[in-house]
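Undergrad: File upload_17.cif below, mmCIF, C-alpha atoms and all ligand atoms:
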```
data_work
#
loop_
_atom_site.label_atom_id
_atom_site.label_comp_id
_atom_site.auth_asym_id
_atom_site.auth_seq_id
_atom_site.Cartn_x
_atom_site.Cartn_y
_atom_site.Cartn_z
CA MET K 1 128.01 89.58 111.28
CA ASN K 2 126.57 92.64 112.98
CA ILE K 3 123.26 93.77 111.49
CA LEU K 4 121.44 97.11 111.61
CA LEU K 5 117.67 97.03 111.13
CA ILE K 6 115.92 100.32 110.31
CA GLY K 7 112.40 101.01 111.63
CA SER K 8 110.29 100.86 114.76
CA GLY K 9 107.06 98.95 114.20
CA GLY K 10 105.63 95.47 114.53
CA ARG K 11 107.23 94.59 111.20
CA GLU K 12 110.65 95.44 112.60
CA HIS K 13 110.06 93.48 115.82
CA ALA K 14 109.15 90.44 113.69
CA PHE K 15 112.34 90.91 111.61
CA ALA K 16 114.43 91.39 114.76
CA TRP K 17 112.90 88.28 116.37
CA LYS K 18 113.82 86.22 113.31
CA LEU K 19 117.27 87.75 112.66
CA LYS K 20 118.26 87.10 116.26
CA GLN K 21 117.58 83.38 115.78
CA SER K 22 120.32 83.13 113.14
CA ASP K 23 123.83 81.92 114.04
CA ARG K 24 125.07 84.33 111.40
CA CYS K 25 123.89 87.34 113.40
CA SER K 26 126.43 88.17 116.10
CA ALA K 27 124.94 91.49 117.19
CA LEU K 28 121.69 93.15 116.19
CA PHE K 29 121.06 96.90 116.30
CA ILE K 30 117.71 98.52 115.59
CA ALA K 31 117.23 102.20 114.72
CA PRO K 32 115.17 103.48 116.41
CA GLY K 33 113.29 100.27 117.39
CA ASN K 34 110.69 99.90 120.13
CA ALA K 35 110.42 98.23 123.54
CA GLY K 36 110.03 94.85 121.80
CA THR K 37 113.07 95.11 119.52
CA ALA K 38 115.09 96.02 122.63
CA LEU K 39 114.53 92.40 123.73
CA CYS K 40 116.26 91.19 120.53
CA GLY K 41 119.16 93.65 120.26
CA THR K 42 120.33 97.19 120.95
CA ASN K 43 118.10 100.11 120.00
CA LEU K 44 119.86 103.18 118.60
CA PRO K 45 117.95 106.48 118.91
CA LEU K 46 118.29 107.56 115.27
CA SER K 47 115.78 108.92 112.78
CA VAL K 48 115.13 106.50 109.87
CA THR K 49 115.87 109.29 107.39
CA ASP K 50 119.04 110.64 109.04
CA PHE K 51 121.33 108.71 106.67
CA ARG K 52 124.50 110.45 107.85
CA SER K 53 123.96 109.38 111.47
CA ILE K 54 122.93 105.87 110.34
CA ALA K 55 126.18 105.57 108.32
CA LYS K 56 128.18 106.79 111.31
CA ALA K 57 126.54 104.19 113.55
CA CYS K 58 127.37 101.50 110.96
CA VAL K 59 131.07 102.37 111.15
CA GLU K 60 131.00 102.60 114.94
CA HIS K 61 129.30 99.21 115.39
CA ASN K 62 131.10 97.40 112.56
CA ILE K 63 127.82 96.68 110.76
CA GLY K 64 127.97 94.13 107.93
CA MET K 65 124.41 94.53 106.63
CA VAL K 66 121.57 97.06 106.79
CA VAL K 67 117.97 95.85 106.55
CA VAL K 68 115.39 98.54 105.83
CA GLY K 69 111.82 98.07 107.15
CA PRO K 70 109.76 101.14 106.17
CA GLU K 71 109.30 102.84 102.79
CA GLU K 72 110.27 106.39 103.74
CA PRO K 73 114.06 105.88 103.94
CA LEU K 74 113.92 103.79 100.74
CA VAL K 75 111.97 106.38 98.78
CA LYS K 76 114.35 109.04 100.15
CA GLY K 77 117.39 107.09 98.94
CA ILE K 78 119.08 105.23 101.80
CA TYR K 79 120.30 102.60 99.32
CA ASP K 80 121.85 105.25 97.07
CA PHE K 81 123.38 107.11 100.02
CA PHE K 82 125.17 103.95 101.14
CA ALA K 83 126.28 103.11 97.57
CA LYS K 84 127.98 106.51 97.29
CA ASP K 85 129.43 107.11 100.77
CA ALA K 86 133.04 105.89 100.96
CA SER K 87 132.79 104.95 104.65
CA VAL K 88 129.83 102.55 104.15
CA LYS K 89 129.72 101.60 100.47
CA HIS K 90 130.96 98.08 101.31
CA ILE K 91 127.85 97.45 103.47
CA PRO K 92 124.95 95.83 101.60
CA VAL K 93 121.55 97.44 102.08
CA ILE K 94 118.49 95.19 101.81
CA GLY K 95 115.99 97.41 100.00
CA PRO K 96 115.68 98.99 96.55
CA SER K 97 117.29 102.15 95.19
CA ALA K 98 115.30 105.39 95.35
CA GLN K 99 114.48 105.10 91.66
CA ALA K 100 113.13 101.56 92.08
CA ALA K 101 111.27 102.57 95.25
CA GLN K 102 109.20 104.89 93.02
CA LEU K 103 107.10 101.78 92.44
CA GLU K 104 105.63 102.66 95.84
CA GLY K 105 106.49 106.37 95.89
CA SER K 106 104.60 107.20 92.68
CA LYS K 107 101.38 105.55 91.52
CA SER K 108 101.98 106.99 88.06
CA PHE K 109 105.47 105.39 87.91
CA ALA K 110 103.99 102.05 89.03
CA LYS K 111 101.17 102.16 86.48
CA ALA K 112 103.56 103.00 83.62
CA PHE K 113 105.84 100.14 84.75
CA MET K 114 102.93 97.68 84.67
CA LEU K 115 101.75 98.88 81.27
CA ARG K 116 105.28 98.63 79.84
CA HIS K 117 105.76 95.07 81.07
CA GLY K 118 102.27 93.71 80.36
CA ILE K 119 101.37 93.21 84.03
CA PRO K 120 97.59 93.04 84.62
CA THR K 121 96.18 96.07 86.46
CA ALA K 122 93.14 98.37 86.38
CA ALA K 123 92.74 100.58 83.30
CA TYR K 124 93.72 104.18 84.14
CA ARG K 125 94.71 107.66 83.06
CA GLU K 126 96.58 110.36 84.91
CA PHE K 127 95.91 114.08 85.19
CA THR K 128 97.53 117.28 86.48
CA ALA K 129 96.58 120.97 86.37
CA ALA K 130 97.82 120.94 82.75
CA ASN K 131 95.11 118.53 81.52
CA TYR K 132 92.57 119.20 84.27
CA GLU K 133 89.59 119.56 81.89
CA GLU K 134 90.30 116.24 80.21
CA GLY K 135 90.26 114.63 83.64
CA ILE K 136 86.74 115.93 84.27
CA GLU K 137 85.57 114.39 81.02
CA TYR K 138 87.31 111.11 81.80
CA ILE K 139 85.87 110.84 85.31
CA ARG K 140 82.34 111.49 84.01
CA GLU K 141 82.69 108.63 81.54
CA GLN K 142 83.83 106.07 84.14
CA ALA K 143 81.64 103.31 85.53
CA LEU K 144 81.05 103.46 89.29
CA PRO K 145 82.67 103.20 91.71
CA VAL K 146 85.64 105.07 90.27
CA VAL K 147 89.03 105.13 92.02
CA LEU K 148 91.13 108.29 92.47
CA LYS K 149 94.71 108.08 93.71
CA ALA K 150 97.14 110.80 94.71
CA ASP K 151 100.34 110.06 92.81
CA GLY K 152 102.74 110.42 95.76
CA LEU K 153 103.02 109.03 99.29
CA ALA K 154 100.03 110.28 101.31
CA ALA K 155 100.38 108.32 104.56
CA GLY K 156 98.03 105.61 103.28
CA LYS K 157 95.19 108.11 102.78
CA GLY K 158 95.69 108.95 99.11
CA VAL K 159 93.22 106.45 97.63
CA MET K 160 89.55 107.34 97.26
CA ILE K 161 86.89 104.95 96.08
CA CYS K 162 84.09 107.21 94.91
CA MET K 163 80.54 105.89 94.70
CA ASN K 164 79.26 108.70 92.47
CA HIS K 165 80.64 111.10 89.88
CA LEU K 166 79.96 114.26 91.90
CA GLU K 167 82.06 112.98 94.79
CA ALA K 168 84.83 111.93 92.41
CA LEU K 169 84.86 115.35 90.70
CA SER K 170 84.96 117.12 94.03
CA GLU K 171 87.90 115.00 95.29
CA TYR K 172 89.67 115.55 91.97
CA GLU K 173 89.21 119.30 92.27
CA LEU K 174 90.45 119.24 95.88
CA MET K 175 93.61 117.37 94.95
CA ILE K 176 94.55 119.37 91.89
CA HIS K 177 93.45 122.86 92.89
CA SER K 178 93.21 122.89 96.71
CA ASP K 179 96.34 121.00 97.71
CA LYS K 180 94.57 118.09 99.36
CA PHE K 181 97.59 115.78 99.94
CA GLY K 182 99.95 118.63 98.95
CA GLU K 183 102.53 117.78 96.27
CA ALA K 184 101.54 114.10 96.43
CA GLY K 185 98.11 114.94 94.99
CA LYS K 186 99.17 117.35 92.24
CA LYS K 187 99.06 114.41 89.89
CA VAL K 188 95.99 112.18 90.09
CA VAL K 189 95.63 108.64 88.79
CA VAL K 190 92.02 107.84 87.89
CA GLU K 191 91.37 104.14 87.55
CA GLU K 192 88.79 101.45 87.13
CA PHE K 193 87.45 99.73 90.27
CA LEU K 194 88.55 96.09 90.49
CA GLN K 195 86.15 93.48 91.83
CA GLY K 196 87.33 90.44 93.78
CA ILE K 197 89.16 89.35 96.92
CA GLU K 198 92.30 91.21 97.92
CA LEU K 199 95.55 89.61 99.06
CA SER K 200 99.17 90.56 99.64
CA VAL K 201 101.90 88.65 97.84
CA PHE K 202 105.58 89.03 98.70
CA ALA K 203 108.82 88.28 96.89
CA LEU K 204 112.43 88.83 97.85
CA THR K 205 114.62 89.63 94.85
CA ASP K 206 118.32 90.09 94.21
CA GLY K 207 117.55 91.89 90.95
CA GLU K 208 118.10 88.75 88.90
CA HIS K 209 116.37 85.93 90.81
CA TYR K 210 113.63 85.84 93.40
CA VAL K 211 111.96 83.71 96.02
CA ILE K 212 108.26 83.89 96.81
CA LEU K 213 107.23 84.26 100.44
CA PRO K 214 103.91 83.11 101.92
CA SER K 215 101.00 85.32 100.92
CA ALA K 216 98.63 86.91 103.42
CA LYS K 217 95.39 88.83 103.76
CA ASP K 218 95.43 92.08 105.69
CA TYR K 219 92.36 93.52 107.47
CA LYS K 220 92.52 97.27 106.90
CA ARG K 221 89.28 98.62 108.39
CA ILE K 222 89.06 99.59 112.04
CA GLY K 223 85.66 98.00 112.71
CA VAL K 224 84.41 94.42 112.89
CA GLY K 225 83.02 93.12 109.60
CA ASP K 226 85.40 95.44 107.67
CA THR K 227 83.58 98.63 108.59
CA GLY K 228 84.76 102.16 109.44
CA LEU K 229 87.97 103.96 108.61
CA ASN K 230 91.03 102.52 106.92
CA THR K 231 94.02 101.78 109.15
CA GLY K 232 97.56 100.54 108.58
CA GLY K 233 96.21 97.04 109.22
CA MET K 234 94.36 95.44 112.15
CA GLY K 235 95.35 91.85 111.55
CA ALA K 236 96.39 89.32 108.94
CA VAL K 237 96.12 85.64 108.15
CA SER K 238 98.20 83.21 106.10
CA PRO K 239 97.86 80.97 104.12
CA LEU K 240 94.63 81.86 102.31
CA PRO K 241 91.99 79.33 101.33
CA PHE K 242 91.21 81.25 98.12
CA ALA K 243 94.85 81.47 96.99
CA ASP K 244 95.40 77.86 95.98
CA GLU K 245 98.40 76.42 94.15
CA ALA K 246 96.87 77.09 90.72
CA PHE K 247 96.13 80.75 91.53
CA LEU K 248 99.58 81.34 93.04
CA GLN K 249 101.16 79.83 89.96
CA ARG K 250 99.14 82.25 87.84
CA VAL K 251 100.33 85.12 90.07
CA ASN K 252 103.92 84.05 89.55
CA GLU K 253 103.53 83.76 85.79
CA LYS K 254 101.43 86.89 85.18
CA VAL K 255 102.76 89.22 87.87
CA ILE K 256 105.89 88.26 89.84
CA ALA K 257 108.08 86.96 87.00
CA PRO K 258 107.33 89.93 84.68
CA THR K 259 107.84 92.36 87.59
CA ILE K 260 111.34 91.07 88.37
CA ALA K 261 112.18 90.84 84.65
CA GLY K 262 110.91 94.44 84.37
CA PHE K 263 113.40 95.62 87.01
CA LYS K 264 116.20 94.17 84.93
CA LYS K 265 114.92 95.55 81.62
CA ASP K 266 114.45 99.01 83.13
CA LYS K 267 117.82 98.82 84.93
CA LEU K 268 116.17 99.41 88.29
CA ASP K 269 118.56 98.52 91.10
CA TYR K 270 116.39 96.31 93.31
CA LYS K 271 117.70 94.03 96.04
CA GLY K 272 114.93 93.67 98.57
CA PHE K 273 111.30 92.88 99.24
CA VAL K 274 108.54 93.48 96.73
CA PHE K 275 105.04 93.64 98.20
CA ILE K 276 102.30 93.25 95.62
CA GLY K 277 98.73 94.16 96.55
CA LEU K 278 96.57 91.98 94.32
CA MET K 279 92.93 91.48 93.48
CA ASN K 280 91.88 87.92 92.77
CA ASN K 281 89.12 88.40 90.22
CA GLN K 282 87.64 84.96 89.52
CA GLY K 283 91.06 83.34 89.52
CA GLU K 284 92.81 86.11 87.57
CA PRO K 285 95.28 88.37 89.44
CA TYR K 286 95.31 92.16 88.96
CA VAL K 287 97.87 94.40 90.65
CA ILE K 288 96.36 97.10 92.87
CA GLU K 289 99.67 98.46 94.08
CA TYR K 290 103.35 97.80 94.63
CA ASN K 291 105.17 98.50 97.88
CA CYS K 292 108.95 98.48 98.08
CA ARG K 293 109.04 96.81 101.52
CA MET K 294 107.23 94.18 103.57
CA GLY K 295 103.73 94.85 104.90
CA ASP K 296 102.75 95.56 108.47
CA PRO K 297 101.07 93.50 110.01
CA GLU K 298 101.70 90.96 107.21
CA THR K 299 105.36 90.59 108.26
CA GLU K 300 104.27 89.47 111.73
CA THR K 301 102.18 86.77 110.00
CA VAL K 302 104.56 85.75 107.21
CA ILE K 303 107.97 85.77 108.94
CA PRO K 304 107.03 83.19 111.61
CA ARG K 305 105.98 80.80 108.81
CA ILE K 306 109.41 81.00 107.12
CA LYS K 307 111.78 78.28 108.28
CA ASN K 308 114.84 79.51 106.34
CA ASP K 309 117.58 81.44 108.12
CA LEU K 310 116.68 85.09 107.40
CA VAL K 311 120.31 86.26 107.47
CA ALA K 312 121.19 83.58 104.90
CA LEU K 313 118.30 84.80 102.74
CA PHE K 314 119.58 88.39 102.96
CA GLU K 315 123.16 87.34 102.21
CA ALA K 316 121.95 85.49 99.12
CA THR K 317 120.00 88.63 98.16
CA SER K 318 122.99 90.94 98.41
CA GLN K 319 125.28 88.44 96.62
CA GLN K 320 122.74 87.73 93.86
CA ARG K 321 122.48 84.04 94.76
CA LEU K 322 118.77 83.72 95.50
CA ASN K 323 118.60 81.00 92.81
CA GLU K 324 120.45 78.76 95.31
CA ILE K 325 117.73 79.14 97.94
CA THR K 326 114.74 76.89 98.46
CA MET K 327 112.04 78.38 100.63
CA GLU K 328 110.86 76.24 103.53
CA VAL K 329 107.49 77.25 104.86
CA ASP K 330 105.59 76.04 107.93
CA PRO K 331 102.32 74.56 106.62
CA ARG K 332 100.35 75.62 109.71
CA THR K 333 97.96 78.55 109.65
CA VAL K 334 99.04 81.80 111.25
CA ALA K 335 96.89 84.72 112.37
CA THR K 336 98.03 88.10 113.70
CA VAL K 337 95.71 90.38 115.66
CA VAL K 338 96.72 93.97 116.37
CA ALA K 339 95.81 95.91 119.52
CA VAL K 340 95.46 99.66 118.91
CA SER K 341 95.07 102.83 120.98
CA GLY K 342 91.52 104.11 121.49
CA GLY K 343 90.68 106.68 118.78
CA TYR K 344 93.06 105.23 116.17
CA PRO K 345 93.23 105.78 113.17
CA GLU K 346 92.17 109.30 114.15
CA ASP K 347 93.60 111.11 117.20
CA TYR K 348 94.74 108.97 120.09
CA GLU K 349 96.76 109.40 123.25
CA LYS K 350 100.20 107.95 123.93
CA ASP K 351 102.15 107.11 127.10
CA LYS K 352 99.59 104.65 128.49
CA PRO K 353 101.32 102.03 130.66
CA ILE K 354 100.97 98.50 129.28
CA SER K 355 100.46 95.61 131.69
CA GLY K 356 100.49 91.86 131.18
CA LEU K 357 103.69 91.85 129.13
CA ASP K 358 105.50 89.58 131.59
CA ARG K 359 102.91 86.85 131.43
CA GLN K 360 104.21 83.54 130.02
CA LEU K 361 102.80 83.12 126.49
CA PRO K 362 101.26 79.87 125.26
CA ASP K 363 103.67 77.87 123.01
CA ASN K 364 101.73 78.67 119.85
CA SER K 365 101.76 82.45 120.25
CA ILE K 366 104.31 85.26 119.78
CA LEU K 367 103.93 88.83 121.02
CA PHE K 368 105.32 91.59 118.82
CA HIS K 369 105.52 95.22 119.86
CA CYS K 370 104.44 97.93 117.39
CA GLY K 371 104.15 101.42 118.94
CA THR K 372 105.73 100.90 122.36
CA VAL K 373 108.58 102.54 124.24
CA GLN K 374 110.37 101.80 127.49
CA LYS K 375 109.99 104.70 129.97
CA ALA K 376 111.92 104.09 133.19
CA ALA K 377 110.59 100.78 134.54
CA GLU K 378 107.45 100.83 132.38
CA VAL K 379 106.59 99.98 128.79
CA VAL K 380 104.10 102.58 127.52
CA THR K 381 102.11 103.08 124.32
CA ASN K 382 103.82 105.15 121.66
CA GLY K 383 101.64 104.84 118.55
CA GLY K 384 98.27 103.93 117.07
CA ARG K 385 99.08 100.29 116.60
CA VAL K 386 100.60 99.10 119.87
CA LEU K 387 100.91 95.29 120.03
CA ALA K 388 100.52 92.43 117.56
CA VAL K 389 99.91 88.86 118.64
CA THR K 390 100.68 86.11 116.16
CA SER K 391 99.51 82.53 116.74
CA PHE K 392 99.82 79.24 114.93
CA GLY K 393 96.80 76.96 114.59
CA ASN K 394 95.36 74.12 112.60
CA SER K 395 92.76 76.45 111.13
CA ILE K 396 92.22 80.20 110.78
CA THR K 397 89.57 79.99 113.52
CA GLU K 398 91.97 78.32 115.95
CA ALA K 399 94.90 80.65 115.19
CA VAL K 400 92.73 83.78 115.56
CA GLN K 401 91.18 82.49 118.79
CA ARG K 402 94.64 81.91 120.26
CA SER K 403 95.75 85.46 119.40
CA ASN K 404 92.53 86.92 120.79
CA ASP K 405 93.01 84.92 124.01
CA VAL K 406 96.53 86.32 124.48
CA LEU K 407 95.23 89.87 123.92
CA GLU K 408 92.58 89.35 126.60
CA HIS K 409 95.46 89.19 129.12
CA LEU K 410 97.15 92.39 127.96
CA TYR K 411 95.99 95.79 129.06
CA PHE K 412 96.42 99.50 128.44
CA GLU K 413 93.75 102.18 128.75
CA ASP K 414 91.32 102.09 125.79
CA LEU K 415 92.97 99.06 124.19
CA TYR K 416 90.94 97.88 121.18
CA PHE K 417 91.33 94.98 118.80
CA ARG K 418 89.16 93.43 116.14
CA ASN K 419 88.06 90.03 117.42
CA ASP K 420 86.83 88.95 113.97
CA ILE K 421 90.07 88.71 111.97
CA GLY K 422 89.65 86.00 109.33
CA TYR K 423 85.85 86.17 109.78
CA GLU K 424 85.02 85.30 106.18
CA PHE K 425 86.94 82.03 106.39
CA LYS K 426 85.29 80.69 109.54
P1 LIG C 501 96.46 101.65 98.50
O1 LIG C 501 96.61 102.90 99.31
O2 LIG C 501 97.01 101.72 97.12
O3 LIG C 501 96.89 100.44 99.30
O4 LIG C 501 94.90 101.42 98.32
C1 LIG C 501 94.09 101.30 99.43
C2 LIG C 501 93.01 100.29 99.17
O5 LIG C 501 92.09 100.76 98.20
C3 LIG C 501 93.50 98.98 98.59
O6 LIG C 501 94.00 98.13 99.55
C4 LIG C 501 92.23 98.45 97.95
O7 LIG C 501 91.41 97.85 98.94
C5 LIG C 501 91.56 99.68 97.47
N1 LIG C 501 91.80 99.90 96.04
C6 LIG C 501 92.79 100.60 95.48
N2 LIG C 501 92.70 100.59 94.15
C7 LIG C 501 91.62 99.87 93.84
C8 LIG C 501 90.97 99.49 92.61
N3 LIG C 501 91.42 99.90 91.43
N4 LIG C 501 89.87 98.74 92.71
C9 LIG C 501 89.38 98.34 93.90
N5 LIG C 501 89.91 98.66 95.07
C10 LIG C 501 91.03 99.42 95.06
N1 LIG C 502 99.37 96.36 105.74
C1 LIG C 502 99.54 97.11 104.56
C2 LIG C 502 100.84 97.79 104.44
O1 LIG C 502 101.80 97.51 105.13
O2 LIG C 502 100.94 98.68 103.59
#
```
Could you rewrite the structure in this file as structure tokens?
TA:
Amino acid sequence: MNILLIGSGGREHAFAWKLKQSDRCSALFIAPGNAGTALCGTNLPLSVTDFRSIAKACVEHNIGMVVVGPEEPLVKGIYDFFAKDASVKHIPVIGPSAQAAQLEGSKSFAKAFMLRHGIPTAAYREFTAANYEEGIEYIREQALPVVLKADGLAAGKGVMICMNHLEALSEYELMIHSDKFGEAGKKVVVEEFLQGIELSVFALTDGEHYVILPSAKDYKRIGVGDTGLNTGGMGAVSPLPFADEAFLQRVNEKVIAPTIAGFKKDKLDYKGFVFIGLMNNQGEPYVIEYNCRMGDPETETVIPRIKNDLVALFEATSQQRLNEITMEVDPRTVATVVAVSGGYPEDYEKDKPISGLDRQLPDNSILFHCGTVQKAAEVVTNGGRVLAVTSFGNSITEAVQRSNDVLEHLYFEDLYFRNDIGYEFK
């Protein structure tokens, strides 16, 4: 089967790397891809939200399955577009419908879903210009810190953890009356701050059944010791010492099972990945957020641990046969460390030539490209997050050290990576 993968980051390179290993994948296309995915298949220069051109490419290349990496095309309805278009409706799309993708696209939708299905999450209320005054009262009554969230997609910046009421009221005012975050912030979710250790849990569902993938911890802050600005993710590790069998069983029982059952009850068309951001509060899981896709860099950590054929997993997903699948997971520890452009997550420059890419990698390490592009004979930087190195090890310390060592041999101007990924487990 020919497969089209949508997206261009480290997540997509990890998917491409794994899809290419399957006998069931005859040709792999990636739209638009990066310099790394070009090593696994053919990049097509298409925008991830240009559904008409994507459908045309599917016909032209006799595509038998579309796998969607990022949230934007999902929230904008790529699944629904394919379901309706006569030329491509026979092609399964791995990813939820636009309505189901609201779990990520709207915090308010996600919170109502959790409330309806008894899924543990932080207590909350939501406000708009219509009940603005009530919101002020509510915020004043909350214990600190208090969490404010723009309802819609805000490029990962829509969550504010406010340490005092004045700051919270000022952010609230900015969102509702001054267009901070535009439309996305016209509705504000105000919620309780959850204590505990955060982790990312992933399931793949066919709408009826599901399999659970390895869980991971993502390091979001730019600076060592989890300091500085939030980023898309600077590294990840899996498995997690604090997420033991008993806890993961509790997560399944309290969160994953009711989530998938909730899709069915609410008639949400969902055949794809569910990413659940969780807080482990003294052994009890609370959902922080849902994403309708895999995480980045978590995919670079989780996918190499999965021994199953990924195409077979996706076929079972589209044919609603995930109950026939048993997950096989590599017991070794994996750590991913991300190299970013100087200045990221604020302004940074692109087009910096990358050297060291031809060096033979140690057996235990894999190099994934994130924001890279081939320009003539050179691979140059093309984003904030540029490269991700994943390594296996017998411990978090060993896996992280191996990834750091590989990064020491790669170079572009102002390359930066956190050398302390997994620090709290060492
Ligand atoms: P999000 O954009 O939803 O991923 O949120 C960004 C980050 O804010 C999360 O990864 C958490 O670290 C933090 N966060 C969000 N909501 C809460 C909450 N209710 N309590 C504590 N931390 C939170
Ligand atoms: N690493 C977090 C995310 O992909 O949203």
Undergrad: Could you give me, as a list in words, the residues within 7 Å of range 128-142 of chain K, counting all atoms listed in the file and dropping anything in the same chain fewer than 4 positions from it?
TA: Val146, His165, Leu169, Ile176, Lys186, Lys187 and Val188 of chain K
Undergrad: Pull the closest atom pair for each residue of range 72-178 of chain K that gets at most 12 Å from range 305-315 of chain K, along with the distance in Å to one decimal, counting only C-alpha atoms, ordering rows by chain and then ascending residue number, as a Markdown table.
TA:
```
| residue | atom | partner | partner_atom | distance |
| --- | --- | --- | --- | --- |
| K:Ile91 | CA | K:Glu315 | CA | 11.2 |
| K:Pro92 | CA | K:Glu315 | CA | 8.7 |
| K:Val93 | CA | K:Phe314 | CA | 9.3 |
| K:Ile94 | CA | K:Phe314 | CA | 7.0 |
| K:Gly95 | CA | K:Phe314 | CA | 10.1 |
```
Undergrad: Could you give me, as a VMD selection string, the residues that have an atom at most 9 Å away from the point (112.7, 91.9, 88.4) in the coordinates of the file, using all atoms listed in the file?
TA: chain K and resid 205 to 210 256 to 265 268 270
Undergrad: Select all residues near (96.5, 89.7, 106.0) (cut-off 6 Å, inclusive, file coordinates), counting all atoms listed in the file, and output them as a ChimeraX atom specification.
TA: /K:216-219,236-237,298
Undergrad: If you count only C-alpha atoms and all ligand atoms, which residues end up within 8 Å of ligand LIG 502 (chain C), as a list in words?
TA: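 Counting only what the definition allows, namely only C-alpha atoms and all ligand atoms, the set is Gly156, Asp218, Tyr219, Lys220, Gly232, Gly233, Asn291, Met294, Gly295, Asp296, Pro297 and Glu298 of chain K.
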Undergrad: So which residues are near ligand LIG 501 (chain C), meaning at most 6 Å away with all atoms listed in the file counted, given back as a list of chain:residue names?
TA: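 With all atoms listed in the file and a cut-off of 6 Å, ligand LIG 501 (chain C) is contacted by K:Ala122, K:Val147, K:Gly156, K:Val159, K:Glu191, K:Glu192, K:Phe193, K:Leu194, K:Ile288, K:Glu289.
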Undergrad: Within 6 Å of range 384-398 of chain K, counting only C-alpha atoms, which residues show up once you throw out same-chain ones fewer than 2 positions away? Write them as a ChimeraX atom specification, please.
TA: /K:332-341,344,364-372,400-401,403,426
Undergrad: Mind giving me the straight-line distance from CA of Met175 in chain K to CA of Asp151 in chain K in Å, one decimal?
TA: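 These two atoms are separated by 10.2 Å.
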